[in-house]
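Data file: protein.cif. Format and content: mmCIF, C-alpha atoms.
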data_run
loop_
_atom_site.label_atom_id
_atom_site.label_comp_id
_atom_site.auth_asym_id
_atom_site.auth_seq_id
_atom_site.Cartn_x
_atom_site.Cartn_y
_atom_site.Cartn_z
CA MET A 1 170.05 69.22 44.76
CA ALA A 2 170.99 70.59 41.39
CA SER A 3 168.22 73.15 41.21
CA GLU A 4 169.25 74.53 44.55
CA SER A 5 172.86 75.04 43.63
CA THR A 6 171.96 76.96 40.50
CA THR A 7 169.87 79.45 42.41
CA ARG A 8 172.66 80.19 44.88
CA PRO A 9 175.02 83.05 44.27
CA LEU A 10 178.36 81.80 43.13
CA PRO A 11 180.75 81.43 46.00
CA GLY A 12 184.10 83.14 45.88
CA ARG A 13 185.34 86.55 44.94
CA HIS A 14 183.28 89.26 43.43
CA GLN A 15 183.50 93.00 43.07
CA LEU A 16 180.10 93.86 44.47
CA SER A 17 179.88 96.07 47.50
CA ARG A 18 178.64 94.67 50.76
CA GLU A 19 175.79 97.08 50.78
CA PHE A 20 174.67 95.97 47.34
CA ILE A 21 174.78 92.35 48.35
CA ALA A 22 172.88 92.99 51.55
CA GLN A 23 170.15 94.85 49.70
CA HIS A 24 170.01 92.16 47.06
CA GLN A 25 169.74 89.46 49.69
CA ARG A 26 166.87 91.19 51.41
CA THR A 27 165.01 91.54 48.14
CA ARG A 28 165.51 87.87 47.41
CA ILE A 29 164.30 86.82 50.82
CA VAL A 30 161.25 89.02 50.51
CA ALA A 31 160.45 87.63 47.07
CA ALA A 32 160.89 84.08 48.38
CA LEU A 33 158.54 84.68 51.28
CA ALA A 34 155.93 86.11 48.92
CA GLN A 35 156.23 83.09 46.61
CA GLU A 36 155.98 80.61 49.45
CA SER A 37 153.05 82.43 51.08
CA SER A 38 151.05 82.70 47.91
CA GLU A 39 151.58 79.03 47.17
CA LYS A 40 150.79 77.47 50.52
CA GLY A 41 149.35 80.23 52.70
CA TYR A 42 151.44 82.31 55.08
CA ARG A 43 150.64 80.27 58.17
CA GLN A 44 152.08 77.13 56.62
CA VAL A 45 155.33 78.78 55.57
CA THR A 46 158.46 78.10 57.63
CA VAL A 47 161.76 79.97 57.73
CA ALA A 48 163.30 76.82 56.24
CA ASP A 49 160.99 77.15 53.21
CA VAL A 50 162.03 80.76 52.69
CA VAL A 51 165.72 79.98 53.09
CA ARG A 52 165.51 77.16 50.57
CA ARG A 53 163.56 79.23 48.08
CA ALA A 54 165.88 82.21 48.34
CA GLY A 55 168.95 79.99 48.11
CA ILE A 56 170.61 81.57 51.12
CA ALA A 57 171.98 80.31 54.40
CA ARG A 58 169.74 80.22 57.42
CA ASN A 59 172.16 82.58 59.15
CA THR A 60 171.72 85.09 56.38
CA PHE A 61 167.99 85.05 56.98
CA TYR A 62 168.48 85.84 60.65
CA GLU A 63 171.02 88.54 59.87
CA ASN A 64 168.27 90.31 57.98
CA PHE A 65 165.13 89.45 59.92
CA ARG A 66 164.31 88.55 63.49
CA SER A 67 161.58 86.11 62.57
CA LYS A 68 159.17 84.93 59.93
CA ASP A 69 156.69 87.62 61.01
CA ASP A 70 159.36 90.28 60.83
CA CYS A 71 160.15 89.15 57.31
CA PHE A 72 156.45 89.25 56.44
CA LEU A 73 156.11 92.85 57.56
CA ALA A 74 159.17 93.79 55.51
CA THR A 75 157.65 92.06 52.49
CA GLN A 76 154.44 93.97 52.95
CA GLU A 77 156.30 97.25 53.32
CA PHE A 78 158.37 96.51 50.24
CA ALA A 79 155.37 95.78 48.03
CA MET A 80 153.21 98.56 49.40
CA THR A 81 155.93 101.14 48.85
CA ALA A 82 156.52 99.90 45.32
CA ALA A 83 152.82 99.93 44.45
CA LEU A 84 152.21 103.34 45.95
CA GLU A 85 155.17 104.83 44.11
CA LEU A 86 153.84 103.53 40.83
CA VAL A 87 150.37 104.88 41.56
CA VAL A 88 151.66 108.31 42.53
CA THR A 89 153.97 108.50 39.52
CA ALA A 90 151.22 107.40 37.15
CA ALA A 91 148.63 109.78 38.59
CA GLY A 92 151.27 112.48 38.38
CA ASP A 93 150.14 116.05 38.16
CA HIS A 94 147.45 115.69 35.56
CA ASP A 95 145.01 118.57 35.64
CA SER A 96 141.97 116.38 35.73
CA TRP A 97 141.32 114.58 38.98
CA ALA A 98 139.30 111.90 37.19
CA ASP A 99 142.27 111.17 34.95
CA ARG A 100 144.54 110.91 37.96
CA VAL A 101 142.21 108.32 39.46
CA ARG A 102 142.06 106.46 36.17
CA LEU A 103 145.84 106.41 35.75
CA GLY A 104 146.43 105.59 39.41
CA LEU A 105 144.04 102.64 39.35
CA THR A 106 145.55 101.46 36.08
CA ALA A 107 149.01 101.46 37.61
CA PHE A 108 147.75 99.71 40.70
CA LEU A 109 146.14 96.86 38.76
CA GLU A 110 149.21 96.58 36.54
CA TYR A 111 151.37 96.12 39.61
CA VAL A 112 149.03 93.43 40.94
CA VAL A 113 149.16 91.57 37.65
CA GLU A 114 152.93 91.85 37.31
CA GLU A 115 153.63 90.88 40.91
CA PRO A 116 150.85 88.49 41.83
CA ALA A 117 152.79 86.84 44.66
CA LEU A 118 153.62 90.13 46.33
CA ALA A 119 150.10 91.41 45.75
CA ARG A 120 148.60 88.28 47.21
CA THR A 121 150.88 88.54 50.21
CA CYS A 122 149.77 92.13 50.84
CA MET A 123 146.09 91.81 50.07
CA VAL A 124 145.18 88.25 51.04
CA GLU A 125 147.80 86.71 53.33
CA ALA A 126 148.21 89.93 55.33
CA LEU A 127 144.74 89.46 56.75
CA SER A 128 145.78 86.25 58.47
CA ALA A 129 149.29 87.30 59.45
CA GLY A 130 148.51 88.97 62.75
CA PRO A 131 147.48 92.41 64.00
CA ALA A 132 150.61 94.27 62.85
CA ALA A 133 150.14 93.02 59.31
CA VAL A 134 146.45 93.90 59.31
CA GLU A 135 147.28 97.37 60.54
CA ARG A 136 149.71 97.88 57.69
CA TYR A 137 147.16 96.58 55.26
CA GLU A 138 144.74 99.17 56.58
CA LYS A 139 147.39 101.85 56.23
CA SER A 140 147.97 100.92 52.62
CA GLN A 141 144.31 101.61 51.93
CA GLN A 142 144.51 104.93 53.68
CA ALA A 143 147.16 106.08 51.23
CA PHE A 144 144.53 106.02 48.52
CA VAL A 145 142.03 107.96 50.59
CA SER A 146 143.77 111.29 50.08
CA LEU A 147 143.87 110.81 46.33
CA PHE A 148 140.13 110.13 46.23
CA LYS A 149 139.24 112.91 48.67
CA LEU A 150 140.34 115.48 46.10
CA GLY A 151 137.33 114.40 44.06
CA ARG A 152 135.09 116.31 46.45
CA ASP A 153 136.46 119.55 45.05
CA VAL A 154 135.36 118.71 41.52
CA SER A 155 132.07 117.06 42.43
CA PRO A 156 128.94 119.22 42.10
CA HIS A 157 127.72 117.81 45.42
CA GLY A 158 131.15 117.30 46.98
CA ARG A 159 130.19 118.87 50.25
CA ASP A 160 127.23 116.56 50.75
CA LEU A 161 129.08 113.29 50.19
CA PRO A 162 129.21 110.89 53.14
CA GLU A 163 132.31 111.20 55.27
CA THR A 164 133.25 107.54 54.86
CA LEU A 165 132.84 107.47 51.08
CA GLU A 166 136.52 107.11 50.21
CA GLU A 167 136.99 104.34 52.74
CA ALA A 168 134.08 102.46 51.20
CA ILE A 169 135.24 102.93 47.61
CA ILE A 170 138.74 101.70 48.36
CA GLY A 171 137.34 98.83 50.41
CA GLY A 172 135.22 97.87 47.42
CA VAL A 173 138.12 98.03 44.97
CA PHE A 174 140.35 96.00 47.28
CA TRP A 175 137.62 93.43 47.83
CA ILE A 176 137.17 92.89 44.10
CA VAL A 177 140.91 92.42 43.65
CA TYR A 178 141.12 90.27 46.79
CA GLN A 179 138.47 87.91 45.45
CA ARG A 180 140.45 87.31 42.25
CA LEU A 181 143.77 86.92 44.03
CA ALA A 182 142.31 84.60 46.65
CA VAL A 183 141.29 82.10 44.00
CA GLY A 184 144.41 82.68 41.90
CA ASP A 185 142.51 84.25 39.02
CA VAL A 186 145.04 86.97 38.20
CA ALA A 187 144.13 86.81 34.51
CA ALA A 188 140.70 88.26 35.25
CA ILE A 189 142.10 91.41 36.86
CA PRO A 190 142.95 93.58 33.83
CA ASP A 191 139.38 93.29 32.56
CA LEU A 192 138.13 94.81 35.78
CA LEU A 193 139.82 98.13 35.23
CA GLU A 194 136.99 99.98 33.51
CA GLU A 195 134.41 98.75 35.98
CA LEU A 196 136.51 99.78 38.94
CA ILE A 197 137.19 103.24 37.57
CA GLU A 198 133.51 103.72 36.94
CA PHE A 199 132.63 102.43 40.39
CA ALA A 200 135.13 104.77 42.02
CA LEU A 201 134.13 107.89 40.10
CA THR A 202 130.32 107.49 40.07
CA PRO A 203 129.64 108.93 43.52
CA TYR A 204 131.55 112.09 42.62
CA LEU A 205 130.69 112.63 38.97
CA GLY A 206 127.51 110.65 38.39
CA ALA A 207 127.28 107.43 36.39
CA GLU A 208 127.43 108.94 32.94
CA ALA A 209 130.52 111.10 33.36
CA ALA A 210 132.21 108.27 35.28
CA ARG A 211 131.60 105.90 32.42
CA GLU A 212 133.08 108.32 29.91
CA VAL A 213 136.31 108.53 31.84
CA ALA A 214 136.36 104.78 32.39
CA THR A 215 135.86 103.78 28.79
CA GLY A 216 138.60 106.17 27.76
CA ALA A 217 140.79 103.93 29.89
CA GLY A 218 140.07 100.87 27.80
CA GLU A 219 142.72 101.86 25.30
CA SER A 220 145.51 102.57 27.73
CA VAL A 221 145.54 99.12 29.35
CA MET B 1 104.07 95.72 58.57
CA ARG B 2 106.22 95.58 61.63
CA ASP B 3 108.36 98.52 62.51
CA PRO B 4 111.81 97.90 61.05
CA ALA B 5 113.18 100.79 63.08
CA ASN B 6 112.65 98.75 66.19
CA PRO B 7 113.59 95.16 65.48
CA SER B 8 114.95 94.55 68.94
CA VAL B 9 111.37 94.46 70.18
CA GLU B 10 110.54 91.36 68.17
CA SER B 11 113.90 89.63 68.14
CA PRO B 12 114.69 87.34 71.00
CA GLU B 13 117.85 88.26 72.77
CA PHE B 14 120.77 86.68 70.98
CA PRO B 15 121.91 84.06 71.30
CA PRO B 16 119.33 82.09 73.26
CA GLU B 17 120.97 78.80 72.37
CA LEU B 18 124.28 80.12 73.58
CA ALA B 19 122.97 80.94 77.02
CA ARG B 20 124.75 79.03 79.73
CA LEU B 21 123.18 76.35 81.80
CA PRO B 22 123.76 76.73 85.47
CA PRO B 23 126.30 74.13 86.52
CA GLY B 24 125.23 71.23 88.66
CA ARG B 25 122.39 68.79 88.53
CA HIS B 26 119.27 69.46 86.58
CA GLY B 27 116.72 66.91 85.57
CA LEU B 28 117.23 67.53 81.86
CA PRO B 29 117.18 64.74 79.30
CA ARG B 30 120.62 63.61 78.16
CA GLU B 31 120.13 64.75 74.59
CA PHE B 32 119.27 68.23 75.68
CA VAL B 33 122.28 68.44 77.93
CA SER B 34 124.47 67.23 75.13
CA HIS B 35 123.06 69.80 72.73
CA ASN B 36 123.44 72.42 75.36
CA GLN B 37 127.04 71.45 76.03
CA ARG B 38 127.81 72.03 72.41
CA GLU B 39 126.28 75.49 72.53
CA ARG B 40 128.16 76.23 75.72
CA LEU B 41 131.41 75.23 74.07
CA ILE B 42 130.63 77.53 71.18
CA ALA B 43 129.92 80.40 73.55
CA GLY B 44 133.08 79.51 75.47
CA LEU B 45 135.11 79.69 72.30
CA ALA B 46 133.65 83.08 71.34
CA GLU B 47 134.61 84.43 74.74
CA ALA B 48 138.11 82.94 74.62
CA VAL B 49 138.77 84.22 71.10
CA ALA B 50 137.64 87.71 72.07
CA GLU B 51 140.13 87.64 74.94
CA ASN B 52 143.10 85.88 73.38
CA GLY B 53 142.65 86.03 69.63
CA TYR B 54 142.22 82.88 67.61
CA ALA B 55 145.88 81.87 67.65
CA GLY B 56 146.20 82.42 71.40
CA THR B 57 143.08 80.45 72.28
CA THR B 58 143.59 76.97 73.71
CA ILE B 59 141.12 74.19 74.32
CA ALA B 60 141.68 74.77 78.03
CA HIS B 61 140.38 78.34 77.66
CA ILE B 62 137.29 77.06 75.89
CA THR B 63 136.47 74.32 78.37
CA ARG B 64 137.05 76.65 81.31
CA ASN B 65 134.65 79.25 79.89
CA ALA B 66 132.10 76.58 79.05
CA ALA B 67 132.55 74.86 82.41
CA VAL B 68 132.82 71.42 80.83
CA SER B 69 135.59 68.85 80.83
CA ARG B 70 138.20 68.42 78.17
CA ARG B 71 136.71 65.04 77.41
CA THR B 72 133.33 66.63 76.77
CA PHE B 73 135.00 69.01 74.34
CA TYR B 74 136.36 66.10 72.33
CA GLU B 75 132.97 64.39 72.36
CA HIS B 76 131.68 67.35 70.35
CA PHE B 77 134.62 68.63 68.37
CA GLY B 78 137.76 67.09 66.94
CA SER B 79 139.82 70.23 67.32
CA LYS B 80 139.83 73.93 68.11
CA ASP B 81 139.40 74.60 64.37
CA GLU B 82 136.29 72.48 64.24
CA CYS B 83 134.80 74.28 67.22
CA PHE B 84 135.59 77.61 65.60
CA ILE B 85 133.86 76.60 62.39
CA ALA B 86 130.78 75.60 64.36
CA ALA B 87 130.83 78.95 66.15
CA TYR B 88 131.32 80.83 62.91
CA ASP B 89 128.43 79.03 61.24
CA THR B 90 126.16 79.70 64.22
CA VAL B 91 126.91 83.41 64.21
CA MET B 92 126.52 83.74 60.46
CA ALA B 93 123.23 81.82 60.45
CA GLU B 94 121.85 84.24 63.03
CA LEU B 95 123.16 87.26 61.15
CA ARG B 96 121.72 86.01 57.88
CA LYS B 97 118.36 85.38 59.51
CA ARG B 98 118.20 88.86 60.96
CA VAL B 99 119.24 90.60 57.78
CA GLY B 100 116.82 88.53 55.72
CA GLU B 101 113.90 89.20 58.03
CA ALA B 102 114.56 92.91 58.21
CA PHE B 103 114.89 93.10 54.44
CA ASP B 104 111.66 91.18 53.86
CA GLN B 105 109.66 93.45 56.12
CA GLU B 106 109.91 96.32 53.67
CA ASP B 107 108.04 96.56 50.40
CA GLU B 108 110.25 99.08 48.68
CA TRP B 109 113.73 97.96 47.79
CA PRO B 110 115.62 101.06 48.96
CA ARG B 111 113.96 100.87 52.37
CA ALA B 112 114.58 97.13 52.49
CA VAL B 113 118.29 97.71 51.92
CA ARG B 114 118.32 100.22 54.72
CA ALA B 115 116.49 97.83 57.06
CA GLY B 116 118.89 94.98 56.21
CA ILE B 117 121.99 97.08 56.81
CA ARG B 118 120.53 98.40 60.03
CA ALA B 119 119.82 94.86 61.26
CA MET B 120 123.40 93.85 60.53
CA LEU B 121 124.88 96.86 62.31
CA GLU B 122 122.61 96.42 65.32
CA PHE B 123 123.51 92.78 65.68
CA LEU B 124 127.26 93.38 65.42
CA ALA B 125 127.12 96.36 67.79
CA ALA B 126 125.14 94.38 70.36
CA GLU B 127 127.47 91.37 70.18
CA PRO B 128 131.04 92.67 70.05
CA HIS B 129 132.55 89.24 70.79
CA LEU B 130 130.65 87.60 67.99
CA ALA B 131 131.37 90.54 65.72
CA ARG B 132 135.08 90.07 66.27
CA LEU B 133 134.84 86.33 65.82
CA SER B 134 132.99 86.57 62.53
CA MET B 135 134.64 89.59 60.91
CA VAL B 136 138.21 89.64 62.27
CA GLU B 137 139.25 86.30 63.74
CA ALA B 138 137.60 84.32 60.95
CA LEU B 139 140.36 85.54 58.65
CA VAL B 140 143.12 84.05 60.78
CA ALA B 141 141.33 80.77 61.48
CA GLY B 142 142.64 78.95 58.43
CA PRO B 143 141.59 78.46 54.82
CA VAL B 144 138.37 76.59 55.56
CA VAL B 145 136.96 79.50 57.52
CA VAL B 146 138.31 82.09 55.10
CA GLU B 147 136.45 80.36 52.32
CA ARG B 148 133.26 80.48 54.36
CA TYR B 149 133.91 84.12 55.17
CA ASP B 150 134.30 85.02 51.51
CA ALA B 151 131.14 83.11 50.65
CA ALA B 152 129.19 84.79 53.47
CA ILE B 153 130.13 88.23 52.20
CA GLN B 154 129.29 87.31 48.62
CA SER B 155 125.93 86.02 49.84
CA LEU B 156 124.93 89.64 50.45
CA VAL B 157 125.21 90.41 46.74
CA PRO B 158 121.61 89.39 45.81
CA TYR B 159 120.10 91.93 48.24
CA PHE B 160 121.73 94.70 46.25
CA ALA B 161 121.31 93.08 42.85
CA ALA B 162 117.56 93.15 43.49
CA GLY B 163 117.80 96.90 42.95
CA ARG B 164 118.46 96.35 39.27
CA GLU B 165 114.81 95.46 38.77
CA GLY B 166 113.51 98.89 39.61
CA VAL B 167 115.85 101.04 37.55
CA SER B 168 115.54 102.42 34.03
CA GLY B 169 117.12 100.64 31.09
CA GLU B 170 119.65 103.41 30.83
CA VAL B 171 120.81 103.05 34.42
CA LEU B 172 120.76 99.29 34.12
CA ALA B 173 122.99 99.39 31.06
CA GLY B 174 125.45 101.43 33.07
CA LEU B 175 125.71 99.02 36.00
CA SER B 176 128.77 96.85 35.61
CA PRO B 177 128.59 93.16 36.58
CA THR B 178 130.80 93.71 39.63
CA THR B 179 128.84 96.66 41.05
CA GLU B 180 127.24 94.66 43.84
CA GLU B 181 130.46 92.90 44.74
CA ALA B 182 132.23 96.24 45.09
CA LEU B 183 129.40 97.68 47.18
CA VAL B 184 129.40 94.70 49.51
CA GLY B 185 133.19 94.80 49.80
CA GLY B 186 133.17 98.49 50.58
CA MET B 187 130.46 98.10 53.17
CA VAL B 188 132.19 95.20 54.89
CA SER B 189 135.54 96.99 54.95
CA LEU B 190 133.98 99.90 56.83
CA ILE B 191 132.38 97.54 59.31
CA SER B 192 135.43 95.30 59.83
CA ARG B 193 137.77 98.22 60.33
CA ARG B 194 135.72 99.42 63.30
CA ILE B 195 135.44 95.95 64.78
CA PHE B 196 139.17 95.40 64.38
CA ALA B 197 139.86 98.67 66.21
CA ASP B 198 137.44 97.73 69.04
CA ARG B 199 135.11 100.55 68.05
CA THR B 200 131.91 98.54 67.71
CA GLU B 201 130.01 101.37 69.40
CA GLU B 202 130.47 103.38 66.19
CA LEU B 203 128.87 100.75 63.97
CA GLU B 204 125.28 101.95 64.12
CA SER B 205 126.25 105.49 63.19
CA LEU B 206 127.53 104.13 59.87
CA LEU B 207 123.97 103.47 58.71
CA PRO B 208 123.30 106.63 56.67
CA ASP B 209 126.70 106.53 54.98
CA LEU B 210 126.36 102.86 54.05
CA VAL B 211 122.83 103.30 52.74
CA GLU B 212 123.82 106.26 50.60
CA PHE B 213 126.91 104.47 49.33
CA THR B 214 125.09 101.31 48.35
CA LEU B 215 122.03 102.97 46.80
CA THR B 216 123.88 105.60 44.75
CA PRO B 217 124.64 103.42 41.69
CA TYR B 218 120.94 102.58 41.36
CA LEU B 219 119.19 105.77 42.43
CA GLY B 220 121.77 108.48 41.89
CA SER B 221 123.35 110.28 44.78
CA ALA B 222 120.56 112.79 45.50
CA GLU B 223 117.85 110.15 45.83
CA ALA B 224 120.18 107.79 47.70
CA ALA B 225 120.98 110.53 50.19
CA LYS B 226 117.28 111.13 50.73
CA VAL B 227 116.63 107.49 51.64
CA ALA B 228 119.76 107.40 53.77
CA ARG B 229 118.77 110.40 55.82
CA ALA B 230 115.06 109.62 56.15
CA SER B 231 113.66 108.33 59.45
#

Could the structure of this file be written out as structure tokens, please?
Amino acid sequence: MASESTTRPLPGRHQLSREFIAQHQRTRIVAALAQESSEKGYRQVTVADVVRRAGIARNTFYENFRSKDDCFLATQEFAMTAALELVVTAAGDHDSWADRVRLGLTAFLEYVVEEPALARTCMVEALSAGPAAVERYEKSQQAFVSLFKLGRDVSPHGRDLPETLEEAIIGGVFWIVYQRLAVGDVAAIPDLLEELIEFALTPYLGAEAAREVATGAGESV
Amino acid sequence: MRDPANPSVESPEFPPELARLPPGRHGLPREFVSHNQRERLIAGLAEAVAENGYAGTTIAHITRNAAVSRRTFYEHFGSKDECFIAAYDTVMAELRKRVGEAFDQEDEWPRAVRAGIRAMLEFLAAEPHLARLSMVEALVAGPVVVERYDAAIQSLVPYFAAGREGVSGEVLAGLSPTTEEALVGGMVSLISRRIFADRTEELESLLPDLVEFTLTPYLGSAEAAKVARAS
């Protein structure tokens, strides 16, 4: 098919290093799996689908991954690492914890909107992709816990806050995003930013202060 | 008012309709047996899924647990998926009933929220197989069940949204439209994580944290903590 041949790398000689090509291939396979999964649901995806989408040989797939599940876990890892890096960089070393949360959440939602297939794979499909995938999904939430926990130091009642608060806040944020991704409504996500910041900060700072920080965010989106 | 702290006294042991019939002859009318077979198959599926996960469960597992023939299975259900959906709906109907009743027993909204959450935690803690089926395995059982799962979670939103009625205009203005959705999502994630990790025995101890978390946007954290830690 014509479309297939155009997506394949040109055969023949090239100056690129093996390592570069290998890395590039993996990235393409991962992106293809994410696309396929978000279109038809992970369970319906076959290795043949991924191979076709990535425009690679079946052998190449198996040189990189043992199985479809193995490829899924790599996809998850890839996206989670990328998202977390963006969040950490955005939150940076701002003096104000509330600003770090605001900037971190902003970066997180931006990633979701820019990479809806990868985000959907991590946040929706992961839940049906077996125990290892669910465990990684859980781990990705835990990464945010430490960022939020710092809020206890700046909260007037930080010591009295429930132990599971951060887990619940992150669960709530993920659920809101999950709902939009599950129905393919990515366009609705940017508008949620202020609400989510306010939701996340309220237990620490009270509703009023949380809202002030959140509405300041409106401009930076 | 009945004592919401002690709902197990009034609630029949769950699930009466899932109880097994002793095998062998019994002078029961055919319709009853047929109904009962269906319930046995549902119970058999819950047991099989708890042991093998949804993907690893076969119809043979289900019929063995239910002590019925394969043919009987197909008289009731077209497939494993169909049986799972029936099981899921049965569990969720019971859960909804319990939460609704507990909630309705209280006059004040904050206490009603606490009673509803408590009823949910007690049910899930008492029925670890059904907890796993409804909160963990449902997600791997295909898009039809996932849709039902999402809807079931969203159906908890009105219990929290009812809290908007009692708050001042100022607080109300500050509540964003997705507040309840986020609260419900946060609550469910805490619950599911413990079920996934086979730590259902910890569920009931989540009560004060969940009550404080869900009431804070409406009452402020000091008042929410008071309700959470009362009783």

Within 8 Å of Leu139 (chain B) using only C-alpha atoms, minus same-chain residues under 3 positions, as a list of chain:residue names: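 The residues that qualify are A:Leu127, A:Ser128, B:Met135, B:Val136, B:Gly142, B:Val145, B:Val146, B:Tyr149.
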
Near-Tyr62 (chain A) list (12 Å; all atoms listed in the file; drop same-chain fewer than 3 positions) as number ranges by chain: A: 25-26, 29, 47-48, 50-51, 56-59, 65-71

Per residue of chain A within 6 Å of chain B, what are the shortest atom pair and its distance in Å to one decimal, counting all atoms listed in the file, with rows by chain and residue number, as a tab-separated table?
residue	atom	partner	partner_atom	distance
A:Ser128	CA	B:Val140	CA	4.2
A:Pro162	CA	B:Asp209	CA	5.4
A:Ala168	CA	B:Gly186	CA	4.1
A:Ile169	CA	B:Gly186	CA	5.7
A:Gly171	CA	B:Gly186	CA	4.2
A:Gly172	CA	B:Gly186	CA	3.8
A:Trp175	CA	B:Gly185	CA	5.0
A:Glu195	CA	B:Ser176	CA	6.0

Shell around Val49 (chain B) at 10 Å using all atoms listed in the file, local window under 2 positions removed, as a VMD selection string: chain B and resid 43 to 47 51 to 58 61 to 62 84 129 to 130 132 to 133 137

Closest of B:Glu108, B:Glu39, B:Glu101, B:Glu122 to Glu165 (chain B) - atom-to-atom distances counting only C-alpha atoms: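 Ranking B:Glu108, B:Glu39, B:Glu101, B:Glu122 by distance to Glu165 (chain B), first place goes to B:Glu108.
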
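Between CA of Pro116 (chain A) and CA of Pro158 (chain B) the interatomic distance comes to 29.5 Å.
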
A:Gly41, A:Pro156, A:Gly151, A:Pro203 ranked by distance to Ser96 (chain A), top pick (using all atoms listed in the file):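 Using all atoms listed in the file, the shortest distance to Ser96 (chain A) belongs to A:Gly151.
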
Matched chain/residue IDs from the PyMOL selection byres ((chain A and resi 123) around 10), as JSON, numbers by chain: {"A": [76, 80, 112, 117, 118, 119, 120, 121, 122, 124, 125, 126, 127, 134, 137, 138, 140, 174, 175, 177, 178, 179, 181, 182]}

Selection dump of the PyMOL selection byres ((chain B and resi 90-100) around 9), as a ChimeraX atom specification: /B:11,14-15,42,85-89,101-105,115-120,123-124,130-131,133-134,152,156,159

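The two atoms in question, CA of Ala66 (chain B) and CA of Asn36 (chain B), are spaced 10.3 Å apart.
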
CA of Tyr42 (chain A) to CA of Phe72 (chain A), distance in Å rounded to a single decimal: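 That distance, rounded to one decimal, is 8.7 Å.
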
Residues matched by the PyMOL selection byres ((chain A and resi 103) around 12) as a count of residues only: 36

A:Leu84, A:Ile170, A:Leu16, A:Ile176 ranked by distance to Asp191 (chain A), top pick (using all atoms listed in the file): A:Ile176

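Closest to Leu41 (chain B) among B:Ser155, B:Ser69, B:Ser205, B:Ser168 is B:Ser69, based on all atoms listed in the file.
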
Of the listed residues B:Arg114, B:Val68, B:Glu82, B:Ala48, that which approaches Leu207 (chain B) most closely, counting only C-alpha atoms: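 So, comparing all the options, the nearest one is B:Arg114.
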
Work out where the centre of an axis-aligned box around every listed atom of region 49-59 of chain A lies and how long its edges are once 8 Å is added on each side; give both in Å to one decimal as JSON.
{"center_x": 166.6, "center_y": 79.9, "center_z": 53.6, "size_x": 27.2, "size_y": 21.4, "size_z": 27.1}

N, CA and C atoms restored at region 140-151 of chain B, emitted as a compact mmCIF listing (two decimals), in the coordinates of the input:
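Result file part.txt:
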# COMPACT_ATOMS: atom_id res chain seq x y z
N VAL B 140 141.87 84.69 60.36
CA VAL B 140 143.12 84.05 60.78
C VAL B 140 142.89 82.59 61.15
N ALA B 141 141.66 82.11 60.99
CA ALA B 141 141.33 80.77 61.48
C ALA B 141 141.52 79.69 60.41
N GLY B 142 142.32 79.99 59.41
CA GLY B 142 142.64 78.95 58.43
C GLY B 142 141.77 79.01 57.19
N PRO B 143 142.22 78.34 56.14
CA PRO B 143 141.59 78.46 54.82
C PRO B 143 140.13 78.03 54.79
N VAL B 144 139.77 77.05 55.60
CA VAL B 144 138.37 76.59 55.56
C VAL B 144 137.43 77.71 55.98
N VAL B 145 137.81 78.42 57.04
CA VAL B 145 136.96 79.50 57.52
C VAL B 145 137.02 80.69 56.57
N VAL B 146 138.19 80.97 56.03
CA VAL B 146 138.31 82.09 55.10
C VAL B 146 137.40 81.89 53.90
N GLU B 147 137.33 80.66 53.44
CA GLU B 147 136.45 80.36 52.32
C GLU B 147 134.99 80.63 52.68
N ARG B 148 134.63 80.22 53.90
CA ARG B 148 133.26 80.48 54.36
C ARG B 148 133.01 81.98 54.51
N TYR B 149 134.02 82.67 55.00
CA TYR B 149 133.91 84.12 55.17
C TYR B 149 133.66 84.80 53.82
N ASP B 150 134.47 84.44 52.85
CA ASP B 150 134.30 85.02 51.51
C ASP B 150 132.90 84.73 50.96
N ALA B 151 132.46 83.50 51.15
CA ALA B 151 131.14 83.11 50.65
C ALA B 151 130.03 83.88 51.38
